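*Asks:* Take a look at this one; I'll ask things after.
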Amino acid sequence: MPRPGKLLIPSRRMRQYILRRLVSLLPVILGVSLITFGLMGVVPGDPAEIIASRGKDVEPTQAEIEAVREELGLDQPLLLQYARWLGRVVRGDLGMSLRTGQPVWHELTVRLPRTLELAAGGMIIGLLIALPVGILSAVWRDRFLDQVSRVLALLGASVPSFWLGTILILFFAVRLGWLPSMGRGGLRHFILPSCALGLGTSAVLMRLTRANLLEVLNEGFVRTARAKGLSEKAVVLRHALKPSLLPVVTVLGLQFGNLLGGALIIETVFAWPGLGMLVLRSILGRDFPVIQGFALFITLVFVLVNFVVDLVCRWLDPRVQYGV
Amino acid sequence: MEQAESLGRLRGQTLTGAARDERRSLKGPGSLRRHLRPTATGVMGLLMLFTLVVAALVAPLIAPYDPLAIDLQRTLVPPGRAHLLGTDHLGRDVLSRLLVGARVSLGAAGFTVVVVTTVGVVLGTVAGFYGGWTDEIIMRIVDTVLAFPSIILALVVVGLLGPGLRNLILGLTLVRWAGCARLVRSLVLSVREREFIRAAYSIGACNRRIIIRHVLPSILGPVVVMATLDLGNVLLSMSGLSFIGLGVQLPQPEWGAMVSYAQLHAQTAPWLAISPGLAIVAAVLSAHLLGDTLRDFLDPRYRDMVS
């Protein structure tokens, strides 16, 4: 067992792996940028006309539209447009919001932390439910709690989070008046949206924790620990639990995308001023630069998070192969 | 040989189920109750789904009121004898809207799954069977689409195309075909090397015939399971996007959108939010139950591929 301090310094193989993974991310990121750029091509209507008619009551003249087209370079070949757009994006310039006139980059970065904290809240609630229930239902396999958790997992995967959020508001905010129903503030504002988000995640993680723990409990080192005369509690918590959590971390990373997507929708339930509210308002207001910037931005966040999860997994379990 | 295999498969059927990990503990023919349990949940899922589909089909006949009829004299009436599930803020009967909404919600989700599966099967089969650069190109596109979190990509596509049911279906299809194509490709890859395919080649069958007569029938099971599970997930995404106003437009009833209007009257008419949500849960749950059960009946070789 290497000392913790040593683990933090990546080995040569680890560094090579990180580099290779980063390089393999490039085509994906490029593809994502192509899709986001290509999506603008399917927008109904002429973007130059839309932009030229902004903030005016009268229809723009043909000359005005052409002027906008030339100014934005929309009359140039697509490939050139893409290259120029990509060049700007790399420098963090995602254009201006048509609605507010603010730089899109600024609008997105201000709201990202708020959406991330919501997703993180959901993740924490999910883990808080899933780990104890998962562990106990592995230990008391086929007993009452295990059956309950089986039903809970099925329900959790079938209940839409936005409806759960609405029901939680009805009960805890409207009926009981215990918690605020909307807006962002202290910890109290966090509880309901996090619960609405976390239940679905806990459903997935709960059964996974149970299945993995059961598998580990069959292994030889667990038998050794039992043979030493350790209590069942010590066997499970001190020996079997840690190795069984690795797949849970992997799935947690994959779940992050769902949590992020769920957070975007949950925001409208709780009037949470994050990316979801921004993008919804932009969609209804046809604010294309914001939608496009959002797509690119959120995907990069997602790809990076998965990358980090991958590294964490490899760090947790050195047996995981370094091959790509 | 053939017989032994089918016997093994039969036994596999009776031994597996919702309690798949309990296989090891099943030694004798004793625990019949356990053998039947997965079938019971499967039948329940099938019955629920069947009921919902039939209700959707005959909705105009059994709906007690016109789902679009506005009656401002009777707004926000609580559930009672005249209106079993109450009325909404415009005096429309919730039960009628729920029934007619089932046509939209289930119909759109079902249609999406059919399109997604068709696209996925065609592209996945081509990629897996022919390999080479076709495979390379298709799989790179698949990887890129899967790099997006699915609901977010759908959100963006609908956002750019504009809200509406047609664009919602288009957006979800654009997102979901990739996962299906990936599964089908891996299935085709594993089938392609089997002996009966080589046998078909040896008697001179052409590629098209082999694909249609041999490859597709043998991957049908896992594809059906995936489509069933997908139905639940598409229903969830669809109702979520309709909830935030990107799906079906007013005044057409749709379950997700009904929850969103109910939110505005949470103080005075809490029952409005409950019934459409329960309808979504019932539909998604039945698809999941049915899909899970079907998966447990699958050939173990493919079971782990269908996530």
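Each chain in the structure tokens gets a letter, A, B, ..., in the order shown, and its residues are numbered from 1; ligands are numbered from 1 in order too.
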Show me, as a list in words, the residues of chain A whose atoms get within 6 Å of chain B, using only C-alpha atoms for the distance check.
*Replies:* Val28, Gly31, Val43, Ser158, Val159, Trp163, Gly257, Gly261, Ile283 and Thr299 of chain A
*Asks:* Env of Met40 in chain A: 12 Å cut, atoms = only C-alpha atoms, seq-sep filter 2 positions within chain, self excluded. Answer as an MDAnalysis selection string.
*Replies:* (chainID A and resid 33:38 42:47 74 78 81:82 85 286:293 295) or (chainID B and resid 156:161)
*Asks:* Those same residues - N, CA and C atoms - I'd like them written as an mmCIF file, in the first residue's frame.
*Replies:*
data_model
loop_
_atom_site.group_PDB
_atom_site.id
_atom_site.type_symbol
_atom_site.label_atom_id
_atom_site.label_comp_id
_atom_site.auth_asym_id
_atom_site.auth_seq_id
_atom_site.Cartn_x
_atom_site.Cartn_y
_atom_site.Cartn_z
ATOM 1 N N SER A 33 -17.958 20.732 -31.772
ATOM 2 C CA SER A 33 -18.003 22.092 -32.301
ATOM 3 C C SER A 33 -18.621 22.094 -33.697
ATOM 4 N N LEU A 34 -18.326 21.054 -34.481
ATOM 5 C CA LEU A 34 -18.921 20.964 -35.822
ATOM 6 C C LEU A 34 -20.440 20.843 -35.727
ATOM 7 N N ILE A 35 -20.893 19.983 -34.798
ATOM 8 C CA ILE A 35 -22.345 19.806 -34.656
ATOM 9 C C ILE A 35 -22.994 21.120 -34.233
ATOM 10 N N THR A 36 -22.383 21.769 -33.235
ATOM 11 C CA THR A 36 -22.990 23.017 -32.758
ATOM 12 C C THR A 36 -23.020 24.063 -33.867
ATOM 13 N N PHE A 37 -21.933 24.127 -34.640
ATOM 14 C CA PHE A 37 -21.908 25.077 -35.747
ATOM 15 C C PHE A 37 -22.933 24.670 -36.801
ATOM 16 N N GLY A 38 -22.978 23.362 -37.084
ATOM 17 C CA GLY A 38 -23.914 22.872 -38.095
ATOM 18 C C GLY A 38 -25.360 23.106 -37.703
ATOM 19 N N VAL A 42 -29.499 24.724 -39.480
ATOM 20 C CA VAL A 42 -30.858 24.214 -39.587
ATOM 21 C C VAL A 42 -31.880 25.188 -39.003
ATOM 22 N N VAL A 43 -31.379 26.306 -38.458
ATOM 23 C CA VAL A 43 -32.298 27.273 -37.882
ATOM 24 C C VAL A 43 -33.214 27.808 -38.976
ATOM 25 N N PRO A 44 -34.525 27.758 -38.731
ATOM 26 C CA PRO A 44 -35.426 28.296 -39.749
ATOM 27 C C PRO A 44 -35.264 29.812 -39.873
ATOM 28 N N GLY A 45 -35.313 30.305 -41.084
ATOM 29 C CA GLY A 45 -35.203 31.738 -41.310
ATOM 30 C C GLY A 45 -33.771 32.145 -41.582
ATOM 31 N N ASP A 46 -33.616 33.345 -42.074
ATOM 32 C CA ASP A 46 -32.312 33.875 -42.433
ATOM 33 C C ASP A 46 -31.739 34.623 -41.223
ATOM 34 N N PRO A 47 -30.596 34.145 -40.690
ATOM 35 C CA PRO A 47 -30.059 34.794 -39.485
ATOM 36 C C PRO A 47 -29.777 36.283 -39.703
ATOM 37 N N LEU A 74 -21.536 36.221 -43.216
ATOM 38 C CA LEU A 74 -22.446 35.133 -43.569
ATOM 39 C C LEU A 74 -22.487 34.863 -45.068
ATOM 40 N N LEU A 78 -18.966 28.247 -46.194
ATOM 41 C CA LEU A 78 -19.251 27.678 -44.880
ATOM 42 C C LEU A 78 -17.990 27.297 -44.119
ATOM 43 N N GLN A 81 -16.408 30.239 -42.718
ATOM 44 C CA GLN A 81 -17.212 30.707 -41.584
ATOM 45 C C GLN A 81 -16.925 29.875 -40.347
ATOM 46 N N TYR A 82 -16.840 28.560 -40.554
ATOM 47 C CA TYR A 82 -16.598 27.659 -39.430
ATOM 48 C C TYR A 82 -15.235 27.943 -38.809
ATOM 49 N N TRP A 85 -15.318 31.147 -36.909
ATOM 50 C CA TRP A 85 -16.108 30.975 -35.691
ATOM 51 C C TRP A 85 -15.302 30.208 -34.638
ATOM 52 N N ARG A 286 -35.666 33.236 -29.117
ATOM 53 C CA ARG A 286 -34.880 32.989 -30.330
ATOM 54 C C ARG A 286 -33.507 33.649 -30.248
ATOM 55 N N ASP A 287 -32.862 33.554 -29.120
ATOM 56 C CA ASP A 287 -31.547 34.177 -28.923
ATOM 57 C C ASP A 287 -30.473 33.138 -29.275
ATOM 58 N N PHE A 288 -30.199 33.006 -30.582
ATOM 59 C CA PHE A 288 -29.375 31.899 -31.069
ATOM 60 C C PHE A 288 -27.937 31.867 -30.547
ATOM 61 N N PRO A 289 -27.237 33.001 -30.486
ATOM 62 C CA PRO A 289 -25.859 32.915 -29.985
ATOM 63 C C PRO A 289 -25.771 32.289 -28.598
ATOM 64 N N VAL A 290 -26.753 32.584 -27.742
ATOM 65 C CA VAL A 290 -26.722 32.019 -26.388
ATOM 66 C C VAL A 290 -26.946 30.507 -26.445
ATOM 67 N N ILE A 291 -27.915 30.068 -27.288
ATOM 68 C CA ILE A 291 -28.199 28.635 -27.381
ATOM 69 C C ILE A 291 -26.965 27.886 -27.890
ATOM 70 N N GLN A 292 -26.359 28.433 -28.920
ATOM 71 C CA GLN A 292 -25.182 27.803 -29.512
ATOM 72 C C GLN A 292 -24.029 27.754 -28.509
ATOM 73 N N GLY A 293 -23.789 28.893 -27.865
ATOM 74 C CA GLY A 293 -22.717 28.944 -26.871
ATOM 75 C C GLY A 293 -22.972 27.965 -25.746
ATOM 76 N N ALA A 295 -24.643 25.150 -25.872
ATOM 77 C CA ALA A 295 -24.420 23.760 -26.302
ATOM 78 C C ALA A 295 -22.940 23.402 -26.217
ATOM 79 N N VAL B 156 -31.129 21.501 -26.996
ATOM 80 C CA VAL B 156 -30.520 22.465 -27.909
ATOM 81 C C VAL B 156 -31.149 22.361 -29.303
ATOM 82 N N VAL B 157 -31.363 21.120 -29.777
ATOM 83 C CA VAL B 157 -31.956 20.960 -31.111
ATOM 84 C C VAL B 157 -33.343 21.585 -31.154
ATOM 85 N N VAL B 158 -34.159 21.264 -30.137
ATOM 86 C CA VAL B 158 -35.502 21.839 -30.098
ATOM 87 C C VAL B 158 -35.411 23.356 -29.955
ATOM 88 N N GLY B 159 -34.432 23.792 -29.176
ATOM 89 C CA GLY B 159 -34.264 25.225 -28.980
ATOM 90 C C GLY B 159 -33.997 25.953 -30.286
ATOM 91 N N LEU B 160 -33.165 25.358 -31.114
ATOM 92 C CA LEU B 160 -32.815 26.030 -32.372
ATOM 93 C C LEU B 160 -33.926 25.898 -33.405
ATOM 94 N N LEU B 161 -34.576 24.716 -33.456
ATOM 95 C CA LEU B 161 -35.625 24.514 -34.455
ATOM 96 C C LEU B 161 -36.911 25.220 -34.065
#
*Asks:* Find the residues around Leu85 in chain B up to 10 Å (only C-alpha atoms counted), leave out those fewer than 6 positions away in its own chain, and share them as a count of residues only.
*Replies:* 12
*Asks:* What are the DSSP alpha helix (DSSP H) residues of range 76-238 of chain B, as a PyMOL selection string?
*Replies:* chain B and resi 94-130+132-147+150-161+165-192+195-202+207-209+216-238
*Asks:* Identify which of the residues A:Arg207, A:Lys242, A:Arg175, A:Arg99 lies closest to Leu136 in chain A, counting only C-alpha atoms when measuring atom-to-atom distances.
*Replies:*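 Between A:Arg207, A:Lys242, A:Arg175, A:Arg99, the residue approaching Leu136 in chain A most closely is A:Arg207.
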*Asks:* Could you pull the residues within 10 Å of Asp71 in chain B, counting only C-alpha atoms, minus those fewer than 4 positions along the same chain, as a short mmCIF file (atom, residue, chain, number, x, y, z; two decimals) with C-alpha atoms, in the first residue's frame?
*Replies:*
data_model
loop_
_atom_site.label_atom_id
_atom_site.label_comp_id
_atom_site.auth_asym_id
_atom_site.auth_seq_id
_atom_site.Cartn_x
_atom_site.Cartn_y
_atom_site.Cartn_z
CA THR B 75 -62.77 26.55 -12.88
CA THR B 87 -61.15 20.83 -13.54
CA ASP B 88 -58.25 23.11 -14.43
CA HIS B 89 -57.93 26.91 -14.40
CA LEU B 90 -60.07 27.19 -17.55
CA GLY B 91 -62.73 24.77 -16.33
CA ARG B 92 -61.60 21.93 -18.58
CA ASP B 93 -62.12 18.40 -17.30
#
